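These notes concern the structure reproduced below.
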Amino acid sequence: MIKAVLFDLDGSLVTTDYEHREFVVGCTLKDLGTKASPELIDKFWFEEERDKTIRESFHVDPELFWNIFHIYDTSEFRNQFTRPYSDVKFIRELRRKGYKTGIVTDGPNYIASFEIEMIGRELFDAVVDNSAQVKPKPSAEGLEKCLGMLEVKNNEAIYVGNSRGDMEAARNAHVIGVLINRGEYSFPNAKPSFQIYSLYELRALLGSMH
């Protein structure tokens, strides 16, 4: 029986306009004397192993990149380009039905905090972001920490995310992985247990698991 629904954050519950990532990544790379195509910027933004992308695709040192990136990517600036998806309203229904809810994101705390406030902090029983000092996805550590905070077993939870790394993390944690396809980026090898296109589809999916 499913008792908890865990969510990724960026690209799953909230979206950030392309103009934002084009600006902050572009300005960061310009300061480092290089540039990247829109396809590589999206790869950096949506996929895991970002340090690998920075090193192998941008051809710059990750530490230098991040030091400059955080100057441009402030919470105040990103806030202007970020908004929740309209179907996050469904999380209230999950709460009313008695499901525990949590967030597991690799995003920095200063970004995750304001994004969660956009949705409603009261809607989540537990939040695990990069301040939790767990290994990034596809490691299972973030999901396992969240499950512990919620006091539920791995076979009592599902994880809703939008990337291959999210689904790999779910498999590594022995949690049911549900890919939410927002149409922003393609992950052909995500291999989810289920795929949905709206959070409202969780109503039937969870109902079938009882």
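Residue numbers start at 1 in each chain; chains themselves are named A, B, ... in the order of the structure tokens; ligands are numbered from 1 in the order shown.
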
Counting only C-alpha atoms, which residues in region 48-83 of chain A sit no more than 10 Å from region 105-129 of chain A? For each one, give the nearest pair of atoms and the distance in Å, sorted by chain then residue number, as CSV.
```
residue,atom,partner,partner_atom,distance
A:Glu48,CA,A:Asp106,CA,9.0
A:Asp73,CA,A:Ile111,CA,9.0
A:Thr74,CA,A:Ile111,CA,7.9
A:Ser75,CA,A:Ile111,CA,5.5
A:Glu76,CA,A:Ile111,CA,9.2
A:Arg78,CA,A:Ile111,CA,8.1
A:Asn79,CA,A:Phe114,CA,7.7
A:Thr82,CA,A:Glu115,CA,7.8
A:Arg83,CA,A:Met118,CA,7.3
```

Keeping only N, CA and C atoms, write the selected residues as a PDB file, in the first residue's frame.
```pdb
ATOM      1  N   GLU A  48      21.528  15.021 -14.975  1.00  0.00           N
ATOM      2  CA  GLU A  48      22.410  14.897 -13.831  1.00  0.00           C
ATOM      3  C   GLU A  48      23.868  14.929 -14.293  1.00  0.00           C
ATOM      4  N   ASP A  73      23.010  33.456 -10.897  1.00  0.00           N
ATOM      5  CA  ASP A  73      21.774  32.709 -10.604  1.00  0.00           C
ATOM      6  C   ASP A  73      21.340  32.921  -9.159  1.00  0.00           C
ATOM      7  N   THR A  74      20.938  34.128  -8.852  1.00  0.00           N
ATOM      8  CA  THR A  74      20.447  34.423  -7.508  1.00  0.00           C
ATOM      9  C   THR A  74      18.975  34.026  -7.404  1.00  0.00           C
ATOM     10  N   SER A  75      18.517  33.820  -6.185  1.00  0.00           N
ATOM     11  CA  SER A  75      17.111  33.471  -5.991  1.00  0.00           C
ATOM     12  C   SER A  75      16.205  34.612  -6.459  1.00  0.00           C
ATOM     13  N   GLU A  76      16.632  35.851  -6.245  1.00  0.00           N
ATOM     14  CA  GLU A  76      15.824  37.001  -6.653  1.00  0.00           C
ATOM     15  C   GLU A  76      15.665  37.049  -8.168  1.00  0.00           C
ATOM     16  N   ARG A  78      16.165  34.395 -10.381  1.00  0.00           N
ATOM     17  CA  ARG A  78      15.446  33.225 -10.906  1.00  0.00           C
ATOM     18  C   ARG A  78      13.961  33.314 -10.620  1.00  0.00           C
ATOM     19  N   ASN A  79      13.611  33.928  -9.512  1.00  0.00           N
ATOM     20  CA  ASN A  79      12.216  34.069  -9.124  1.00  0.00           C
ATOM     21  C   ASN A  79      11.389  34.751 -10.212  1.00  0.00           C
ATOM     22  N   THR A  82      10.470  31.877 -12.835  1.00  0.00           N
ATOM     23  CA  THR A  82      10.039  30.568 -12.348  1.00  0.00           C
ATOM     24  C   THR A  82       8.586  30.604 -11.886  1.00  0.00           C
ATOM     25  N   ARG A  83       7.862  29.529 -12.161  1.00  0.00           N
ATOM     26  CA  ARG A  83       6.459  29.439 -11.732  1.00  0.00           C
ATOM     27  C   ARG A  83       6.090  27.970 -11.550  1.00  0.00           C
TER      28      ARG A  83
END
```

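Residues of region 164-209 of chain A carrying a DSSP assignment of strand (DSSP E or B), computed from the backbone, are Ile176, Gly177, Val178, Leu179, Ile180, Phe194, Gln195 and Ile196 of chain A.
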
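Nearest residue to Ala169 (chain A) among A:Lys137, A:Lys153, A:Lys191, A:Arg50 is A:Lys137, counting only C-alpha atoms.
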
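Counting from CA of Asp42 (chain A), the distance to CA of Thr16 (chain A) is 11.7 Å.
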
Original post:
Excluding same-chain residues fewer than 6 positions from Cys27 (chain A), what lies within 12 Å of it counting only C-alpha atoms, as an MDAnalysis selection string?
Top reply: chainID A and resid 19:21 33:36 41 65:66 68:73

Dump C-alpha atoms for the selected residues as a PDB file, in the first residue's frame?
```pdb
ATOM      1  CA  GLU A  19      15.555  32.775 -21.161  1.00  0.00           C
ATOM      2  CA  HIS A  20      16.808  32.434 -17.601  1.00  0.00           C
ATOM      3  CA  ARG A  21      19.111  29.482 -18.141  1.00  0.00           C
ATOM      4  CA  GLY A  33      35.975  32.894 -22.374  1.00  0.00           C
ATOM      5  CA  THR A  34      33.724  30.364 -24.065  1.00  0.00           C
ATOM      6  CA  LYS A  35      30.106  29.664 -25.066  1.00  0.00           C
ATOM      7  CA  ALA A  36      27.704  26.766 -25.605  1.00  0.00           C
ATOM      8  CA  ILE A  41      22.728  24.460 -22.123  1.00  0.00           C
ATOM      9  CA  PHE A  65      32.072  27.647 -13.361  1.00  0.00           C
ATOM     10  CA  TRP A  66      29.998  27.306 -10.196  1.00  0.00           C
ATOM     11  CA  ILE A  68      30.622  32.527 -11.351  1.00  0.00           C
ATOM     12  CA  PHE A  69      27.262  30.816 -11.993  1.00  0.00           C
ATOM     13  CA  HIS A  70      26.025  31.533  -8.459  1.00  0.00           C
ATOM     14  CA  ILE A  71      26.776  35.234  -8.926  1.00  0.00           C
ATOM     15  CA  TYR A  72      24.281  35.344 -11.789  1.00  0.00           C
ATOM     16  CA  ASP A  73      21.774  32.709 -10.604  1.00  0.00           C
TER      17      ASP A  73
END
```
